[in-house]
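Okay, so here's the structure we're looking at.
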Amino acid sequence: MEKAFKLDFDNDRLGSLYVNCCGCSQTESLHSFGPASKPHYLIHYILNGKGIFRFHDKEYRLEAGYGFLIQPNELAFYQADEAEPWSYLWVGFGGSRAEEYLTKMGLSARHPVFYCDRDEELYGIVRDMMEHNTFGMANDLRRNGQMSVFLSVLAESVSAGVAAKDEEDKGNQYVKKAVSFIQSNYCNPIKVTDVADYVCINRSYLYTLFRNYLGMSPQQFLTTFRITKARELLDSTAYPIESIALSCGYSDALVFSKAFHAMKGMSPSQYRRQSHKENSREQLQEIEGLIAKLLEH
């Protein structure tokens, strides 16, 4: 059950953007729709409460401030939460440029969910559509104009969200490339500036990305990776300390020994004598865990 106020409009369906229907609903607990389809685009925007939206075998748990797009002639299902059933507004629309507008906003069958923090504006627009509900060119123009305003309000928030997501994805890719470069070149005397140059960003931005994604600076990651590899060599070979230093990217054995001591609290020679093989495996697992965490994004 739901308490709904809904209007369907008999517009001339030949324009670039027109309204088919609009309304507001306060749903009862577990009220649901579908799986079913509509012949036009349909956007729901949640004003209060919670619920789920299922589309293309994906389920989204949504609350106030979120909305979802249903494509024409596509099966969709949505249901109000049992404890906090949602209230929402909706607009159904079509037009020769409707798909183009939605695509530019970043909304599609693959990305049907959005967030917008301008609920009062959206509610006001739909209310205006509903108040100008009678037949006639003036009201048709008014409603269709408000439909453009509705999408423009969403576009400002949704496009910002898409841009932020694109920036996040880009940042993640920078870190992945940087980590891959370190894995392949830790044995060479590379510096953080070399890593930054490789991924074509400045050092300060690389520092920010590493802190955000891995919880440590690029220098800390490079040093940790090198010392972990050094511990493997100390455990599994009889190489001289100088050779291990060179194998791990340190041209100066003294600098290597200081870095090793700073991280492990003992010199490489002391570590080898104590033969902490299990600890070495644990350290390697820690590094692998960091990289796995990065790859999950």
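Letters for chains follow the order of the structure tokens (A, B, ...), residue numbers begin at 1 for each chain, and ligand numbers begin at 1 in the order shown.
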Which of region 41-277 of chain A fall in strand (DSSP E), as number ranges by chain: A: 41-48, 50-55, 58-63, 66-70, 76-80, 87-94, 113-115
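When the distance limit is 7 Å and only C-alpha atoms are what count, the residues near Ser87 (chain A), minus those fewer than 4 positions from it on the same chain, are Ser25, Gln26, Thr27, Ile46, Leu47, Asn48 and Gly49 of chain A.
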Near region 147-153 of chain A, 12 Å: region 99-134 of chain A residue rows, closest pairs, only C-alpha atoms, as a tab-separated table:
residue	atom	partner	partner_atom	distance
A:Glu99	CA	A:Leu151	CA	11.8
A:Glu100	CA	A:Leu151	CA	11.9
A:Tyr101	CA	A:Leu151	CA	8.2
A:Leu102	CA	A:Leu151	CA	8.4
A:Thr103	CA	A:Leu151	CA	11.7
A:Lys104	CA	A:Leu151	CA	11.0
A:Met105	CA	A:Leu151	CA	8.8
A:Gly106	CA	A:Leu151	CA	11.9
A:Leu107	CA	A:Leu151	CA	11.1
A:Tyr115	CA	A:Val153	CA	11.4
A:Cys116	CA	A:Val153	CA	8.5
A:Asp117	CA	A:Val153	CA	9.9
A:Arg118	CA	A:Val153	CA	7.7
A:Asp119	CA	A:Val153	CA	9.8
A:Glu120	CA	A:Val153	CA	10.9
A:Glu121	CA	A:Val153	CA	7.9
A:Leu122	CA	A:Phe150	CA	6.3
A:Tyr123	CA	A:Phe150	CA	9.3
A:Gly124	CA	A:Phe150	CA	9.5
A:Ile125	CA	A:Phe150	CA	6.4
A:Val126	CA	A:Phe150	CA	8.0
A:Arg127	CA	A:Phe150	CA	11.3
A:Asp128	CA	A:Met147	CA	10.3
A:Met129	CA	A:Met147	CA	8.3
A:Met130	CA	A:Met147	CA	11.6
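Counting only C-alpha atoms, the residue from A:Gly249, A:Gly95, A:Gly23, A:Gly145 that sits nearest to Ile43 (chain A) is A:Gly23.
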I want to know what sits within 12 Å of Phe114 (chain A), based on only C-alpha atoms, with residues of the same chain fewer than 4 positions away left out; could you give that as a PyMOL selection string? chain A and resi 43-46+60-70+102+105-108+110+154-162+165
Tell me which protein, DNA and RNA residues are within 8 Å of Ile241 (chain A), counting only C-alpha atoms, leaving out same-chain ones fewer than 4 positions away, and put them as a list in words. Ala245, Ala253, Pro268 and Ser269 of chain A
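Between CA of Asp235 (chain A) and CA of Lys264 (chain A) the separation is 14.3 Å.
If only C-alpha atoms are the atoms counted, then among A:Ser32, A:Gln274, A:Thr237, A:Thr223 the closest residue to Ser257 (chain A) is A:Thr223.
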Within 10 Å of Asn188 (chain A), counting only C-alpha atoms, which residues show up once you throw out same-chain ones fewer than 3 positions away? Write them as a PDB file with all heavy atoms, in the first residue's frame, please.
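What follows is the written file result.pdb:
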ATOM      1  N   ILE A 182      57.298   0.285  -8.671  1.00  0.00           N
ATOM      2  CA  ILE A 182      58.171  -0.019  -7.529  1.00  0.00           C
ATOM      3  C   ILE A 182      58.469  -1.508  -7.473  1.00  0.00           C
ATOM      4  O   ILE A 182      59.618  -1.918  -7.233  1.00  0.00           O
ATOM      5  CB  ILE A 182      57.522   0.460  -6.215  1.00  0.00           C
ATOM      6  CG1 ILE A 182      57.518   1.997  -6.167  1.00  0.00           C
ATOM      7  CG2 ILE A 182      58.255  -0.109  -4.998  1.00  0.00           C
ATOM      8  CD1 ILE A 182      56.716   2.575  -5.028  1.00  0.00           C
ATOM      9  N   SER A 184      58.663  -3.559  -9.855  1.00  0.00           N
ATOM     10  CA  SER A 184      59.569  -3.943 -10.945  1.00  0.00           C
ATOM     11  C   SER A 184      60.947  -3.299 -10.843  1.00  0.00           C
ATOM     12  O   SER A 184      61.909  -3.810 -11.424  1.00  0.00           O
ATOM     13  CB  SER A 184      58.945  -3.553 -12.295  1.00  0.00           C
ATOM     14  OG  SER A 184      57.706  -4.195 -12.488  1.00  0.00           O
ATOM     15  N   ASN A 185      61.054  -2.190 -10.096  1.00  0.00           N
ATOM     16  CA  ASN A 185      62.305  -1.421 -10.102  1.00  0.00           C
ATOM     17  C   ASN A 185      62.912  -1.177  -8.723  1.00  0.00           C
ATOM     18  O   ASN A 185      63.860  -0.394  -8.607  1.00  0.00           O
ATOM     19  CB  ASN A 185      62.060  -0.071 -10.785  1.00  0.00           C
ATOM     20  CG  ASN A 185      61.772  -0.207 -12.264  1.00  0.00           C
ATOM     21  OD1 ASN A 185      62.675  -0.327 -13.076  1.00  0.00           O
ATOM     22  ND2 ASN A 185      60.488  -0.192 -12.599  1.00  0.00           N
ATOM     23  N   LYS A 191      64.133   6.745  -6.909  1.00  0.00           N
ATOM     24  CA  LYS A 191      63.643   7.617  -5.853  1.00  0.00           C
ATOM     25  C   LYS A 191      62.160   7.896  -6.097  1.00  0.00           C
ATOM     26  O   LYS A 191      61.620   7.565  -7.154  1.00  0.00           O
ATOM     27  CB  LYS A 191      64.436   8.929  -5.833  1.00  0.00           C
ATOM     28  CG  LYS A 191      65.924   8.735  -5.555  1.00  0.00           C
ATOM     29  CD  LYS A 191      66.659  10.069  -5.596  1.00  0.00           C
ATOM     30  CE  LYS A 191      68.145   9.884  -5.341  1.00  0.00           C
ATOM     31  NZ  LYS A 191      68.890  11.170  -5.391  1.00  0.00           N
ATOM     32  N   LEU A 246      72.718  -3.850  -2.719  1.00  0.00           N
ATOM     33  CA  LEU A 246      72.656  -3.541  -4.140  1.00  0.00           C
ATOM     34  C   LEU A 246      71.443  -4.193  -4.801  1.00  0.00           C
ATOM     35  O   LEU A 246      70.811  -3.593  -5.668  1.00  0.00           O
ATOM     36  CB  LEU A 246      73.940  -4.010  -4.834  1.00  0.00           C
ATOM     37  CG  LEU A 246      75.212  -3.198  -4.542  1.00  0.00           C
ATOM     38  CD1 LEU A 246      76.439  -3.899  -5.118  1.00  0.00           C
ATOM     39  CD2 LEU A 246      75.080  -1.782  -5.136  1.00  0.00           C
ATOM     40  N   SER A 247      71.125  -5.406  -4.379  1.00  0.00           N
ATOM     41  CA  SER A 247      69.990  -6.142  -4.951  1.00  0.00           C
ATOM     42  C   SER A 247      68.657  -5.486  -4.620  1.00  0.00           C
ATOM     43  O   SER A 247      67.646  -5.732  -5.289  1.00  0.00           O
ATOM     44  CB  SER A 247      69.981  -7.586  -4.445  1.00  0.00           C
ATOM     45  OG  SER A 247      71.162  -8.261  -4.822  1.00  0.00           O
ATOM     46  N   CYS A 248      68.665  -4.678  -3.580  1.00  0.00           N
ATOM     47  CA  CYS A 248      67.421  -4.022  -3.145  1.00  0.00           C
ATOM     48  C   CYS A 248      67.415  -2.522  -3.423  1.00  0.00           C
ATOM     49  O   CYS A 248      66.623  -1.775  -2.834  1.00  0.00           O
ATOM     50  CB  CYS A 248      67.176  -4.285  -1.662  1.00  0.00           C
ATOM     51  SG  CYS A 248      66.881  -6.039  -1.302  1.00  0.00           S
ATOM     52  N   GLY A 249      68.319  -2.073  -4.289  1.00  0.00           N
ATOM     53  CA  GLY A 249      68.283  -0.688  -4.732  1.00  0.00           C
ATOM     54  C   GLY A 249      69.117   0.280  -3.926  1.00  0.00           C
ATOM     55  O   GLY A 249      69.021   1.494  -4.136  1.00  0.00           O
ATOM     56  N   TYR A 250      69.942  -0.222  -2.997  1.00  0.00           N
ATOM     57  CA  TYR A 250      70.797   0.654  -2.188  1.00  0.00           C
ATOM     58  C   TYR A 250      72.225   0.572  -2.709  1.00  0.00           C
ATOM     59  O   TYR A 250      72.859  -0.480  -2.663  1.00  0.00           O
ATOM     60  CB  TYR A 250      70.774   0.234  -0.718  1.00  0.00           C
ATOM     61  CG  TYR A 250      69.439   0.479  -0.037  1.00  0.00           C
ATOM     62  CD1 TYR A 250      68.482  -0.529   0.041  1.00  0.00           C
ATOM     63  CD2 TYR A 250      69.152   1.713   0.547  1.00  0.00           C
ATOM     64  CE1 TYR A 250      67.260  -0.310   0.667  1.00  0.00           C
ATOM     65  CE2 TYR A 250      67.931   1.929   1.185  1.00  0.00           C
ATOM     66  CZ  TYR A 250      66.990   0.916   1.241  1.00  0.00           C
ATOM     67  OH  TYR A 250      65.797   1.143   1.863  1.00  0.00           O
ATOM     68  N   SER A 251      72.732   1.688  -3.199  1.00  0.00           N
ATOM     69  CA  SER A 251      74.112   1.701  -3.699  1.00  0.00           C
ATOM     70  C   SER A 251      75.120   1.802  -2.561  1.00  0.00           C
ATOM     71  O   SER A 251      76.301   1.523  -2.741  1.00  0.00           O
ATOM     72  CB  SER A 251      74.297   2.868  -4.681  1.00  0.00           C
ATOM     73  OG  SER A 251      73.947   4.105  -4.060  1.00  0.00           O
TER      74      SER A 251
END
So that I can check the secondary structure, give me every residue of region 12-246 of chain A assigned helix (DSSP H, G or I) by backbone DSSP, as a PyMOL selection string. chain A and resi 98-105+119-131+137-185+192-199+203-214+218-236+241-246
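You can rank A:Ser180, A:Asn144, A:Ser16, A:Gln71 by their closest distance to Leu42 (chain A) using only C-alpha atoms, and at the top of that list sits A:Gln71.
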Exercise: Tyr198 (chain A) partners within 12 Å, only C-alpha atoms, chain neighbours under 3 positions left out, as a ChimeraX atom specification: /A:174-182,185,190-195,201-203,206
How about saving the chosen residues, C-alpha atoms kept, as a JSON list (two decimals), in the first residue's frame?
[["chain", "number", "residue", "atom", "x", "y", "z"],
["A", 174, "TYR", "CA", 47.97, 6.29, -10.54],
["A", 175, "VAL", "CA", 48.68, 4.39, -7.32],
["A", 176, "LYS", "CA", 48.42, 1.01, -9.06],
["A", 177, "LYS", "CA", 50.89, 2.11, -11.73],
["A", 178, "ALA", "CA", 53.22, 3.52, -9.07],
["A", 179, "VAL", "CA", 53.13, 0.31, -7.04],
["A", 180, "SER", "CA", 53.74, -1.77, -10.16],
["A", 181, "PHE", "CA", 56.72, 0.44, -11.03],
["A", 182, "ILE", "CA", 58.17, -0.02, -7.53],
["A", 185, "ASN", "CA", 62.30, -1.42, -10.10],
["A", 190, "ILE", "CA", 65.03, 4.74, -7.89],
["A", 191, "LYS", "CA", 63.64, 7.62, -5.85],
["A", 192, "VAL", "CA", 60.09, 8.83, -5.26],
["A", 193, "THR", "CA", 60.60, 11.50, -7.92],
["A", 194, "ASP", "CA", 61.27, 8.72, -10.44],
["A", 195, "VAL", "CA", 58.00, 7.07, -9.45],
["A", 201, "ILE", "CA", 52.08, 13.47, -11.67],
["A", 202, "ASN", "CA", 53.93, 15.67, -9.20],
["A", 203, "ARG", "CA", 55.44, 14.29, -6.01],
["A", 206, "LEU", "CA", 51.57, 11.15, -5.40]]
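Taking CA of Ala76 (chain A) and CA of Arg97 (chain A) as the two end points, the separation is 22.6 Å.
The spacing separating CA of Trp90 (chain A) from CA of Cys22 (chain A) amounts to 5.4 Å.
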